[in-house]
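Undergrad: One structure follows; several queries about it will come next.
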There are 2 protein chains.
Amino acid sequence: METFGGIEAGGTWFVCVVGDSERSILAEARFPTTTPEETLGRVVAFFREQNRVLPRPISALGVACFGPLELAPGSPRFGCITTTPKPGWAHTPIVRTLQEALDVPVTLDTDVNAAAIAEGTWGAAAGLDNFIYLTIGTGIGGGGVFNGQPLHGLVHPEMGHIRVPHDWQRDPYPGACPYHGDCFEGLAAGPALRGRWGIAGESLPSDHPAWALEAHYIAQGLHGLICTLSPTRLILGGGVMQQAQLFPLIRAETVRLLNGYVSSPSILEGIDQYIVPPGLGHRSGVMGALALARRRS
Amino acid sequence: METFGGIEAGGTWFVCVVGDSERSILAEARFPTTTPEETLGRVVAFFREQNRVLPRPISALGVACFGPLELAPGSPRFGCITTTPKPGWAHTPIVRTLQEALDVPVTLDTDVNAAAIAEGTWGAAAGLDNFIYLTIGTGIGGGGVFNGQPLHGLVHPEMGHIRVPHDWQRDPYPGACPYHGDCFEGLAAGPALRGRWGIAGESLPSDHPAWALEAHYIAQGLHGLICTLSPTRLILGGGVMQQAQLFPLIRAETVRLLNGYVSSPSILEGIDQYIVPPGLGHRSGVMGALALARRRS
């Protein structure tokens with residue numbers, strides 16, 4: 001049986017798994033994200049130990065990583081974390097380090113593109129060629145698969161930072177994004193909920209007016225993504241989307257904002273299957289890392 | 001020498017060309033867009049006559065068409081114009097009609113996706129795999145190439161209809177989009193210029209304050225497209241973009257709005273080569289139709 005390694009490289013934890021092509025997990029470990037040397041040292045030690053005890057070593061490694069990342073194949077910095085404010089991690093050559101230490105092909109992508117790939121392989125977008133995975137939590141990030149390929153370009157999408165209309169009369173909160181103030185993330189991620197209402201989102205009652213406003217901003221963001229990418233499904237994950245009451249509000253508001261312009265039955269009649277939660281729950285990231293490795297091999 | 005047919009199917013004119021793979025045009029004709037029967041009848045007659053006089057008949061036909069279009073290969077309406085308000089044209093099976101009459105493979109795409117493909121084949125994006133072509137004129141439409149493929153999905157992009165922030169104090173004009181009011185197209189296409197200032201855009205002097213506001217809205221739209229798609233180049237065509245003074249204003253405003261968030265040298269140092277006019281001018285559409293045929297053959 002062929003086995004694969006996956007790393008969900010987050011700002012707080014690195015989660016490492018070994019799995020097979022049927023998505024069974026054979027081993028898992030997690031390490032706090034400290035310095036690159038220490039964290040990657042532990043990661044390498046974990047996979048070396050696994051290679052020793054497995055019938056045969058892992059054949060590829062996938063890394064679902066916090067960004068920004070350099071993913072342009074021709075770039076001298078290809079496979080590096082670039083300008084992250086996370087202390088010590090800027091310009092870390094994560095692909096080269098792991099490739100040299102473990103002698104396997106390493107595929108790197110953003111945590112959200114990897115989650116999208118996992119959802120397309122085993123989750124809520126299985127069988128689809130064109131869809132978006134959006135996480136709404138401490139920040140907002142989006143990944144996508146188009147024509148069956150993850151979406152890359154100049155760098156990679158930063159869907160949380162699109163601009164959305166902001167009605168200052170209805171919502172005088174100025175937004176929390178240090179770069180753009182009231183961009184989508186600035187108005188709708190977790191810190192905006194806390195900043196606007198003085199209390200964390202998870203402590204607000206489910207019938208609080210906060211949720212109608214939150215659904216409005218999320219629908220504005222989805223409106224932009226639908227008009228730009230025309231996805232066949234939108235998967236919404238992350239901490240804020242644990243508030244299940246948001247889904248019907250977001251669906252209704254998205255249909256209202258599009259106002260019949262995109263005349264597809266998926267939107268006009270099937271919105272419940274168009275805007276959906278992740279099929280893999282909070283495991284999208286780590287399963288995405290495995291899916292990256294599996295695609296490569 | 002292999003030859004190809006191309007049709008730029010617009011709301012006012014149908015432009016038909018025969019060309020070779022080196023982009024030389026061997027014949028061209030244009031017909032006003034009347035009923036589907038009459039217009040497509042003239043198109044078919046033109047290509048039949050060309051097939052008679054050419055050393056060998058055209059080997060494929062590309063159609064760059066006004067939308068919306070059904071482009072999902074599995075759909076029973078694949079290859080049709082769908083819900084256009086253009087009288088008589090809704091639900092026209094343009095691919096089937098031409099394929100049956102001319103007995104060649106027919107490739108249909110939106111006028112803007114075709115223009116993007118032409119720019120990527122012979123124009124301002126030659127050699128690039130990930131870029132956007134945006135036309136700003138009577139309306140705003142966008143096409144894109146990602147991983148070398150035109151961007152399709154549920155339907156096709158409608159980039160003109162993304163939402164952008166609207167400062168009602170600075171600009172009390174409510175927007176001209178019949179579906180969304182003050183979406184990107186509603187605030188920045190030609191009719192908005194006329195509606196806001198009471199005079200057509202082409203009659204406004206080049207130092208009129210209209211252009212700073214126009215550049216602001218276009219930059220808001222580009223900000224959204226850059227964060228969603230991370231294109232390696234943005235090509236801006238269409239009637240409004242004939243106002244060459246807009247380019248430096250748009251470039252500066254886009255850099256200001258992104259505020260260093262997308263830390264790519266293409267934006268921070270090379271914005272003059274990042275936001276550019278079309279390489280093929282107003283010929284992007286018809287050359288795009290030829291490029292569609294050439295890809296297919």
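Chain labels follow the order of the structure tokens: the first chain is A, the next B, and so on; residue numbering restarts at 1 in every chain, and ligands are counted from 1 in their shown order.
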What's around His91 in chain B at 10 Å? Count only C-alpha atoms, leave out sequence neighbours fewer than 6 positions away in its own chain, and write the answer as a list in words.
TA: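 The neighbour list is Pro68, Leu69, Glu70, Arg77, Gly79, Cys80, Ile81, Thr82, Thr83 and Thr84 of chain B.
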Undergrad: Go through chain A residue by residue and, counting only C-alpha atoms, keep those with an atom at most 8 Å from chain B; for each kept residue give the shortest atom pair and its distance in Å to one decimal, ordered by chain and increasing number, as CSV.
TA:
residue,atom,partner,partner_atom,distance
A:Thr83,CA,B:Ser263,CA,7.8
A:Asn130,CA,B:Gly153,CA,5.6
A:Phe131,CA,B:Gly153,CA,7.9
A:Phe146,CA,B:Leu151,CA,7.5
A:Asn147,CA,B:Gln149,CA,7.5
A:Gln149,CA,B:Asn147,CA,7.5
A:Leu151,CA,B:Leu229,CA,7.3
A:His152,CA,B:Ser230,CA,6.8
A:Gly153,CA,B:Ser230,CA,4.9
A:Leu154,CA,B:Thr232,CA,4.5
A:Val155,CA,B:Ser230,CA,5.9
A:His156,CA,B:Ser230,CA,5.6
A:Pro157,CA,B:Thr228,CA,5.0
A:Glu158,CA,B:Cys227,CA,4.7
A:Met159,CA,B:Thr228,CA,4.8
A:Gly160,CA,B:Cys227,CA,7.7
A:His161,CA,B:Cys227,CA,6.1
A:Ile162,CA,B:Gly224,CA,4.5
A:Arg163,CA,B:Gly224,CA,5.9
A:Val164,CA,B:Val164,CA,5.4
A:Pro165,CA,B:Pro165,CA,4.0
A:His166,CA,B:Pro165,CA,6.3
A:Tyr179,CA,B:Asn259,CA,6.1
A:His180,CA,B:Asn259,CA,7.2
A:Gln220,CA,B:Arg163,CA,7.0
A:His223,CA,B:Ile162,CA,6.6
A:Gly224,CA,B:Ile162,CA,4.5
A:Leu225,CA,B:Thr228,CA,7.1
A:Ile226,CA,B:Pro157,CA,7.6
A:Cys227,CA,B:Glu158,CA,4.7
A:Thr228,CA,B:Met159,CA,4.8
A:Leu229,CA,B:Pro157,CA,5.4
A:Ser230,CA,B:Gly153,CA,4.9
A:Pro231,CA,B:Gly153,CA,5.1
A:Thr232,CA,B:Leu154,CA,4.6
A:Leu257,CA,B:His180,CA,7.2
A:Leu258,CA,B:His180,CA,7.3
A:Asn259,CA,B:Tyr179,CA,6.0
A:Gly260,CA,B:Tyr179,CA,7.6
A:Tyr261,CA,B:Tyr179,CA,6.5
A:Val262,CA,B:Val155,CA,7.9
A:Ser263,CA,B:Thr83,CA,7.8
A:Ser264,CA,B:Val155,CA,7.5
Undergrad: Since we have the selection now, will you write its residues out, keeping N, CA and C atoms, as a compact mmCIF listing (two decimals), in the first residue's frame?
TA:
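Below is the file result.txt, written as the result:
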# COMPACT_ATOMS: atom_id res chain seq x y z
N THR A 83 6.55 36.95 3.01
CA THR A 83 6.65 38.12 3.91
C THR A 83 5.78 38.01 5.16
N ASN A 130 -14.94 23.09 -10.58
CA ASN A 130 -14.89 24.54 -10.41
C ASN A 130 -15.61 24.94 -9.13
N PHE A 131 -14.89 25.21 -8.07
CA PHE A 131 -15.55 25.58 -6.82
C PHE A 131 -14.59 26.37 -5.95
N PHE A 146 -10.20 25.40 -10.32
CA PHE A 146 -10.82 25.78 -11.59
C PHE A 146 -10.22 24.94 -12.70
N ASN A 147 -11.09 24.40 -13.56
CA ASN A 147 -10.66 23.42 -14.55
C ASN A 147 -9.85 22.31 -13.87
N GLN A 149 -7.79 22.48 -11.41
CA GLN A 149 -6.48 22.89 -10.89
C GLN A 149 -6.64 23.95 -9.81
N LEU A 151 -6.12 27.35 -7.87
CA LEU A 151 -6.00 28.69 -8.43
C LEU A 151 -4.73 29.38 -7.93
N HIS A 152 -3.79 29.59 -8.84
CA HIS A 152 -2.58 30.36 -8.55
C HIS A 152 -2.47 31.45 -9.60
N GLY A 153 -1.57 32.37 -9.39
CA GLY A 153 -1.37 33.39 -10.41
C GLY A 153 -0.11 34.15 -10.08
N LEU A 154 -0.27 35.46 -9.97
CA LEU A 154 0.87 36.29 -9.60
C LEU A 154 1.42 35.78 -8.28
N VAL A 155 0.55 35.64 -7.29
CA VAL A 155 0.90 34.97 -6.03
C VAL A 155 -0.18 33.90 -5.84
N HIS A 156 -1.12 34.14 -4.95
CA HIS A 156 -2.26 33.24 -4.80
C HIS A 156 -3.40 34.11 -4.33
N PRO A 157 -4.64 33.62 -4.45
CA PRO A 157 -5.77 34.48 -4.08
C PRO A 157 -5.68 34.95 -2.62
N GLU A 158 -6.20 36.13 -2.38
CA GLU A 158 -6.36 36.69 -1.04
C GLU A 158 -7.79 37.18 -0.97
N MET A 159 -8.73 36.22 -1.07
CA MET A 159 -10.13 36.57 -1.25
C MET A 159 -10.72 37.34 -0.07
N GLY A 160 -10.10 37.23 1.09
CA GLY A 160 -10.59 37.98 2.24
C GLY A 160 -10.45 39.48 2.07
N HIS A 161 -9.59 39.88 1.13
CA HIS A 161 -9.28 41.31 1.04
C HIS A 161 -9.98 42.02 -0.11
N ILE A 162 -10.96 41.36 -0.72
CA ILE A 162 -11.76 42.07 -1.71
C ILE A 162 -12.54 43.19 -1.00
N ARG A 163 -12.90 44.18 -1.79
CA ARG A 163 -13.69 45.30 -1.25
C ARG A 163 -15.17 44.96 -1.29
N VAL A 164 -15.90 45.36 -0.29
CA VAL A 164 -17.36 45.20 -0.29
C VAL A 164 -17.99 46.53 0.11
N PRO A 165 -19.24 46.78 -0.32
CA PRO A 165 -19.89 48.03 0.09
C PRO A 165 -20.06 48.07 1.61
N HIS A 166 -19.92 49.23 2.16
CA HIS A 166 -20.02 49.43 3.59
C HIS A 166 -20.96 50.60 3.83
N TYR A 179 -4.52 46.63 6.72
CA TYR A 179 -4.15 47.12 5.38
C TYR A 179 -5.25 47.94 4.73
N HIS A 180 -6.51 47.48 4.87
CA HIS A 180 -7.60 48.07 4.09
C HIS A 180 -8.76 48.57 4.94
N GLN A 220 -22.25 39.75 0.42
CA GLN A 220 -21.58 40.71 -0.47
C GLN A 220 -20.30 40.11 -1.02
N HIS A 223 -21.22 37.39 -3.51
CA HIS A 223 -21.64 38.04 -4.76
C HIS A 223 -20.43 38.35 -5.64
N GLY A 224 -19.40 38.94 -5.04
CA GLY A 224 -18.19 39.26 -5.81
C GLY A 224 -17.51 38.01 -6.34
N LEU A 225 -17.41 36.99 -5.51
CA LEU A 225 -16.73 35.76 -5.94
C LEU A 225 -17.52 35.07 -7.04
N ILE A 226 -18.85 35.07 -6.93
CA ILE A 226 -19.69 34.42 -7.95
C ILE A 226 -19.55 35.15 -9.28
N CYS A 227 -19.57 36.48 -9.25
CA CYS A 227 -19.45 37.23 -10.51
C CYS A 227 -18.05 37.15 -11.10
N THR A 228 -17.05 36.93 -10.28
CA THR A 228 -15.69 36.86 -10.81
C THR A 228 -15.35 35.47 -11.31
N LEU A 229 -15.74 34.44 -10.54
CA LEU A 229 -15.26 33.08 -10.83
C LEU A 229 -16.34 32.14 -11.31
N SER A 230 -17.60 32.46 -11.08
CA SER A 230 -18.69 31.58 -11.49
C SER A 230 -18.50 30.14 -10.98
N PRO A 231 -18.26 29.99 -9.67
CA PRO A 231 -18.03 28.64 -9.14
C PRO A 231 -19.31 27.80 -9.19
N THR A 232 -19.16 26.47 -9.26
CA THR A 232 -20.33 25.60 -9.22
C THR A 232 -20.74 25.26 -7.78
N LEU A 257 -29.14 39.74 -3.32
CA LEU A 257 -28.15 40.66 -3.90
C LEU A 257 -27.93 40.38 -5.38
N LEU A 258 -27.87 39.11 -5.76
CA LEU A 258 -27.65 38.79 -7.19
C LEU A 258 -28.85 39.22 -8.02
N ASN A 259 -30.02 39.20 -7.41
CA ASN A 259 -31.23 39.77 -8.02
C ASN A 259 -31.55 39.18 -9.39
N GLY A 260 -31.35 37.87 -9.51
CA GLY A 260 -31.73 37.21 -10.76
C GLY A 260 -30.72 37.33 -11.86
N TYR A 261 -29.61 38.04 -11.62
CA TYR A 261 -28.69 38.30 -12.73
C TYR A 261 -28.01 37.03 -13.23
N VAL A 262 -27.56 36.19 -12.29
CA VAL A 262 -26.94 34.92 -12.70
C VAL A 262 -28.06 33.89 -12.71
N SER A 263 -28.63 33.68 -13.90
CA SER A 263 -29.87 32.91 -13.96
C SER A 263 -29.57 31.42 -14.11
N SER A 264 -28.97 30.86 -13.07
CA SER A 264 -28.67 29.43 -13.05
C SER A 264 -29.60 28.74 -12.06
Undergrad: Can you superpose chain B onto chain A by least squares over all C-alpha atoms paired in order and give the moved copy as a short mmCIF file (atom, residue, chain, number, x, y, z; two decimals) with C-alpha atoms, in the first residue's frame?
TA:
data_model
loop_
_atom_site.label_atom_id
_atom_site.label_comp_id
_atom_site.auth_asym_id
_atom_site.auth_seq_id
_atom_site.Cartn_x
_atom_site.Cartn_y
_atom_site.Cartn_z
CA MET B 1 0.00 0.04 -0.05
CA GLU B 2 1.38 3.45 -1.06
CA THR B 3 1.49 6.02 1.75
CA PHE B 4 1.70 9.80 1.77
CA GLY B 5 2.71 12.47 4.23
CA GLY B 6 0.72 15.59 4.94
CA ILE B 7 1.52 18.69 6.98
CA GLU B 8 -1.03 21.30 7.96
CA ALA B 9 1.34 24.17 8.73
CA GLY B 10 -0.59 26.70 10.79
CA GLY B 11 0.47 29.75 12.73
CA THR B 12 -0.16 27.97 16.07
CA TRP B 13 0.23 24.25 15.34
CA PHE B 14 1.87 22.02 12.77
CA VAL B 15 -0.20 18.86 12.27
CA CYS B 16 1.59 15.96 10.58
CA VAL B 17 -0.14 12.85 9.23
CA VAL B 18 0.65 9.74 7.28
CA GLY B 19 -2.22 8.40 5.22
CA ASP B 20 -3.03 6.12 2.35
CA SER B 21 -4.80 6.94 -0.90
CA GLU B 22 -8.13 5.92 0.63
CA ARG B 23 -7.85 8.75 3.21
CA SER B 24 -7.15 6.41 6.11
CA ILE B 25 -4.85 8.03 8.66
CA LEU B 26 -2.05 5.70 9.82
CA ALA B 27 -0.24 8.13 12.15
CA GLU B 28 -0.66 11.69 13.38
CA ALA B 29 1.31 14.15 15.52
CA ARG B 30 1.10 17.85 16.30
CA PHE B 31 3.77 20.33 17.36
CA PRO B 32 3.40 23.97 18.43
CA THR B 33 4.68 26.45 15.85
CA THR B 34 7.86 27.86 17.42
CA THR B 35 10.95 28.71 15.37
CA PRO B 36 11.29 27.27 11.87
CA GLU B 37 14.37 25.25 12.89
CA GLU B 38 12.73 23.65 15.91
CA THR B 39 9.32 23.09 14.30
CA LEU B 40 10.62 21.69 11.02
CA GLY B 41 13.16 19.61 13.00
CA ARG B 42 10.30 17.90 14.84
CA VAL B 43 8.38 17.43 11.60
CA VAL B 44 11.39 15.79 9.94
CA ALA B 45 11.98 13.54 12.96
CA PHE B 46 8.33 12.43 12.90
CA PHE B 47 8.40 11.44 9.24
CA ARG B 48 11.82 9.74 9.54
CA GLU B 49 10.46 7.63 12.35
CA GLN B 50 7.35 6.80 10.31
CA ASN B 51 9.49 5.82 7.33
CA ARG B 52 11.38 3.48 9.64
CA VAL B 53 8.26 1.70 10.94
CA LEU B 54 6.13 1.71 7.77
CA PRO B 55 6.42 -1.22 5.35
CA ARG B 56 7.74 1.33 2.82
CA PRO B 57 8.52 5.05 3.16
CA ILE B 58 6.05 7.77 2.20
CA SER B 59 6.16 8.45 -1.54
CA ALA B 60 5.26 12.15 -1.47
CA LEU B 61 4.65 14.95 1.02
CA GLY B 62 2.04 17.71 0.82
CA VAL B 63 2.20 20.93 2.83
CA ALA B 64 -0.89 23.08 3.41
CA CYS B 65 0.69 26.26 4.72
CA PHE B 66 -0.11 29.68 6.11
CA GLY B 67 0.98 32.39 3.66
CA PRO B 68 1.94 34.32 1.81
CA LEU B 69 3.83 31.76 -0.25
CA GLU B 70 5.91 31.92 -3.41
CA LEU B 71 4.28 29.39 -5.74
CA ALA B 72 5.51 30.56 -9.17
CA PRO B 73 7.60 27.62 -10.46
CA GLY B 74 10.16 29.88 -12.17
CA SER B 75 10.89 32.06 -9.13
CA PRO B 76 14.18 31.75 -7.22
CA ARG B 77 12.06 31.84 -4.05
CA PHE B 78 9.74 29.06 -5.23
CA GLY B 79 8.52 27.01 -2.29
CA CYS B 80 9.22 29.67 0.36
CA ILE B 81 7.00 31.37 2.86
CA THR B 82 7.51 35.04 1.91
CA THR B 83 6.58 38.14 3.93
CA THR B 84 4.65 36.69 6.87
CA PRO B 85 4.64 38.82 10.02
CA LYS B 86 5.05 35.56 12.01
CA PRO B 87 8.41 36.05 13.82
CA GLY B 88 11.27 34.10 12.26
CA TRP B 89 9.22 32.56 9.46
CA ALA B 90 9.62 35.16 6.70
CA HIS B 91 11.55 33.73 3.72
CA THR B 92 11.63 30.17 5.13
CA PRO B 93 12.45 27.72 2.25
CA ILE B 94 9.98 25.13 3.51
CA VAL B 95 9.88 22.98 0.35
CA ARG B 96 13.67 22.75 -0.04
CA THR B 97 14.20 22.03 3.67
CA LEU B 98 11.72 19.15 3.72
CA GLN B 99 12.75 17.79 0.34
CA GLU B 100 16.41 17.63 1.32
CA ALA B 101 15.74 16.15 4.75
CA LEU B 102 13.21 13.51 3.65
CA ASP B 103 14.19 12.89 0.03
CA VAL B 104 10.62 12.91 -1.31
CA PRO B 105 8.78 15.23 -3.71
CA VAL B 106 7.11 18.02 -1.70
CA THR B 107 4.04 19.92 -2.91
CA LEU B 108 3.26 23.22 -1.22
CA ASP B 109 0.05 25.19 -1.46
CA THR B 110 -1.93 27.62 0.67
CA ASP B 111 -3.96 26.14 3.51
CA VAL B 112 -7.14 27.22 1.73
CA ASN B 113 -6.20 25.84 -1.70
CA ALA B 114 -5.29 22.57 0.02
CA ALA B 115 -8.61 22.55 1.87
CA ALA B 116 -10.36 23.16 -1.45
CA ILE B 117 -8.52 20.21 -3.01
CA ALA B 118 -9.47 17.99 -0.05
CA GLU B 119 -13.11 19.01 -0.36
CA GLY B 120 -12.94 18.26 -4.10
CA THR B 121 -11.34 14.88 -3.48
CA TRP B 122 -13.32 13.58 -0.51
CA GLY B 123 -15.69 16.30 0.71
CA ALA B 124 -18.47 18.69 -0.24
CA ALA B 125 -17.20 19.27 -3.78
CA ALA B 126 -16.33 15.67 -4.72
CA GLY B 127 -16.49 15.35 -8.49
CA LEU B 128 -16.66 19.11 -9.20
CA ASP B 129 -14.09 20.92 -11.35
CA ASN B 130 -14.87 24.53 -10.40
CA PHE B 131 -15.56 25.58 -6.83
CA ILE B 132 -14.40 27.80 -3.98
CA TYR B 133 -13.52 27.00 -0.38
CA LEU B 134 -13.73 30.00 1.93
CA THR B 135 -12.73 30.01 5.58
CA ILE B 136 -14.20 32.72 7.81
CA GLY B 137 -12.55 32.83 11.22
CA THR B 138 -9.75 34.95 12.67
CA GLY B 139 -9.26 36.05 9.06
CA ILE B 140 -10.94 35.28 5.77
CA GLY B 141 -9.14 33.22 3.17
CA GLY B 142 -10.26 31.56 0.00
CA GLY B 143 -8.95 28.83 -2.23
CA GLY B 144 -10.35 27.51 -5.43
CA VAL B 145 -10.18 24.77 -7.98
CA PHE B 146 -10.82 25.76 -11.60
CA ASN B 147 -10.67 23.40 -14.56
CA GLY B 148 -9.58 20.87 -11.93
CA GLN B 149 -6.48 22.87 -10.91
CA PRO B 150 -5.86 24.98 -7.79
CA LEU B 151 -6.00 28.70 -8.44
CA HIS B 152 -2.59 30.36 -8.58
CA GLY B 153 -1.37 33.37 -10.46
CA LEU B 154 0.86 36.27 -9.65
CA VAL B 155 0.88 34.98 -6.09
CA HIS B 156 -2.26 33.24 -4.83
CA PRO B 157 -5.77 34.46 -4.11
CA GLU B 158 -6.33 36.68 -1.07
CA MET B 159 -10.11 36.55 -1.27
CA GLY B 160 -10.57 37.97 2.21
CA HIS B 161 -9.27 41.30 1.01
CA ILE B 162 -11.76 42.06 -1.74
CA ARG B 163 -13.67 45.30 -1.26
CA VAL B 164 -17.34 45.20 -0.29
CA PRO B 165 -19.88 48.00 0.07
CA HIS B 166 -20.01 49.41 3.59
CA ASP B 167 -23.09 51.32 4.67
CA TRP B 168 -21.69 53.57 7.41
CA GLN B 169 -25.18 54.54 8.56
CA ARG B 170 -26.15 50.96 9.24
CA ASP B 171 -22.70 49.98 10.54
CA PRO B 172 -20.35 52.70 11.79
CA TYR B 173 -17.66 50.13 12.68
CA PRO B 174 -14.59 51.14 10.63
CA GLY B 175 -13.25 47.64 9.96
CA ALA B 176 -10.33 45.72 11.43
CA CYS B 177 -7.98 45.08 8.50
CA PRO B 178 -4.61 46.75 9.11
CA TYR B 179 -4.12 47.11 5.33
CA HIS B 180 -7.57 48.04 4.04
CA GLY B 181 -9.78 48.90 7.02
CA ASP B 182 -13.21 47.87 5.79
CA CYS B 183 -12.42 45.18 3.20
CA PHE B 184 -14.38 41.89 3.41
CA GLU B 185 -12.10 40.46 6.13
CA GLY B 186 -11.99 43.83 7.90
CA LEU B 187 -15.79 43.83 8.21
CA ALA B 188 -16.67 40.16 8.54
CA ALA B 189 -13.89 38.11 10.21
CA GLY B 190 -13.91 37.23 13.91
CA PRO B 191 -12.06 40.36 15.11
CA ALA B 192 -14.70 42.56 13.42
CA LEU B 193 -17.47 40.76 15.30
CA ARG B 194 -15.65 41.36 18.57
CA GLY B 195 -14.72 44.93 17.67
CA ARG B 196 -18.22 45.89 16.56
CA TRP B 197 -20.25 44.27 19.35
CA GLY B 198 -17.65 44.26 22.15
CA ILE B 199 -17.99 40.52 22.62
CA ALA B 200 -16.62 37.50 20.78
CA GLY B 201 -18.84 36.04 18.07
CA GLU B 202 -19.19 32.69 19.83
CA SER B 203 -20.69 34.47 22.85
CA LEU B 204 -23.38 36.33 20.88
CA PRO B 205 -26.84 34.69 21.05
CA SER B 206 -27.94 33.12 17.79
CA ASP B 207 -30.83 35.59 17.40
CA HIS B 208 -28.60 38.66 17.89
CA PRO B 209 -28.79 41.28 15.07
CA ALA B 210 -25.04 40.75 14.61
CA TRP B 211 -25.80 37.68 12.49
CA ALA B 212 -28.01 39.43 9.96
CA LEU B 213 -25.26 42.02 9.40
CA GLU B 214 -22.62 39.30 9.27
CA ALA B 215 -24.67 37.38 6.68
CA HIS B 216 -25.03 40.59 4.69
CA TYR B 217 -21.26 41.10 4.46
CA ILE B 218 -20.58 37.46 3.69
CA ALA B 219 -23.22 37.57 0.95
CA GLN B 220 -21.56 40.72 -0.48
CA GLY B 221 -18.30 38.82 -0.61
CA LEU B 222 -19.93 35.77 -2.21
CA HIS B 223 -21.64 38.03 -4.74
CA GLY B 224 -18.18 39.25 -5.82
CA LEU B 225 -16.73 35.75 -5.96
CA ILE B 226 -19.69 34.39 -7.93
CA CYS B 227 -19.48 37.20 -10.51
CA THR B 228 -15.70 36.84 -10.83
CA LEU B 229 -15.28 33.07 -10.83
CA SER B 230 -18.70 31.55 -11.47
CA PRO B 231 -18.04 28.62 -9.14
CA THR B 232 -20.33 25.59 -9.22
CA ARG B 233 -20.27 25.41 -5.41
CA LEU B 234 -19.21 27.59 -2.46
CA ILE B 235 -17.98 25.84 0.66
CA LEU B 236 -17.88 28.00 3.81
CA GLY B 237 -15.76 26.83 6.74
CA GLY B 238 -13.88 28.37 9.67
CA GLY B 239 -14.76 29.39 13.20
CA VAL B 240 -17.41 31.99 12.37
CA MET B 241 -19.24 29.47 10.18
CA GLN B 242 -19.68 27.20 13.22
CA GLN B 243 -22.71 29.47 13.76
CA ALA B 244 -25.08 27.27 11.77
CA GLN B 245 -27.80 29.93 11.81
CA LEU B 246 -25.67 31.90 9.35
CA PHE B 247 -26.18 29.50 6.44
CA PRO B 248 -29.87 30.22 5.71
CA LEU B 249 -29.29 33.96 6.23
CA ILE B 250 -26.32 33.99 3.82
CA ARG B 251 -28.14 31.96 1.19
CA ALA B 252 -31.18 34.25 1.23
CA GLU B 253 -29.06 37.41 1.16
CA THR B 254 -26.88 36.15 -1.70
CA VAL B 255 -29.96 35.39 -3.80
CA ARG B 256 -31.37 38.83 -2.94
CA LEU B 257 -28.15 40.64 -3.88
CA LEU B 258 -27.65 38.77 -7.18
CA ASN B 259 -31.24 39.73 -7.96
CA GLY B 260 -31.73 37.18 -10.72
CA TYR B 261 -28.70 38.27 -12.71
CA VAL B 262 -26.96 34.90 -12.69
CA SER B 263 -29.89 32.87 -13.93
CA SER B 264 -28.70 29.41 -13.02
CA PRO B 265 -30.95 26.80 -11.41
CA SER B 266 -28.10 26.18 -8.91
CA ILE B 267 -28.72 29.65 -7.50
CA LEU B 268 -32.40 30.20 -8.25
CA GLU B 269 -33.62 26.76 -7.14
CA GLY B 270 -30.75 24.93 -5.49
CA ILE B 271 -29.11 27.49 -3.20
CA ASP B 272 -29.14 25.02 -0.26
CA GLN B 273 -26.75 22.79 -2.23
CA TYR B 274 -24.81 25.75 -3.67
CA ILE B 275 -23.61 27.39 -0.43
CA VAL B 276 -22.63 24.59 1.93
CA PRO B 277 -20.48 23.72 4.96
CA PRO B 278 -17.31 21.65 4.45
CA GLY B 279 -17.76 17.91 4.10
CA LEU B 280 -14.55 17.32 6.08
CA GLY B 281 -15.23 19.83 8.86
CA HIS B 282 -12.07 21.09 10.53
CA ARG B 283 -10.08 18.27 8.90
CA SER B 284 -10.09 20.01 5.48
CA GLY B 285 -6.60 21.42 6.05
CA VAL B 286 -4.77 18.27 7.06
CA MET B 287 -6.68 16.16 4.55
CA GLY B 288 -5.79 18.80 1.96
CA ALA B 289 -2.10 18.31 2.71
CA LEU B 290 -2.55 14.57 2.09
CA ALA B 291 -4.52 15.28 -1.08
CA LEU B 292 -1.68 17.52 -2.35
CA ALA B 293 0.79 14.65 -1.85
CA ARG B 294 -1.56 12.18 -3.52
CA ARG B 295 -1.98 14.43 -6.60
CA ARG B 296 1.75 14.69 -6.94
CA SER B 297 2.60 11.03 -6.77
#
Undergrad: When DSSP is applied to the backbone of this structure, which of range 61-294 of chain A are assigned alpha helix (DSSP H)? Write them out as a PyMOL selection string.
TA: chain A and resi 94-102+111-122+184-188+190-197+210-229+246-258+265-268+271-274+284-294
Undergrad: Would you return as a list of chain:residue names the members of range 10-105 of chain B that DSSP assigns to strand (DSSP E) on this structure's backbone?
TA: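 So, restricting range 10-105 of chain B to strand (DSSP E), we get B:Trp13, B:Phe14, B:Val15, B:Cys16, B:Val17, B:Val18, B:Gly19, B:Asp20, B:Ile25, B:Leu26, B:Ala27, B:Glu28, B:Ala29, B:Arg30, B:Phe31, B:Pro32, B:Leu61, B:Gly62, B:Val63, B:Ala64, B:Cys65.
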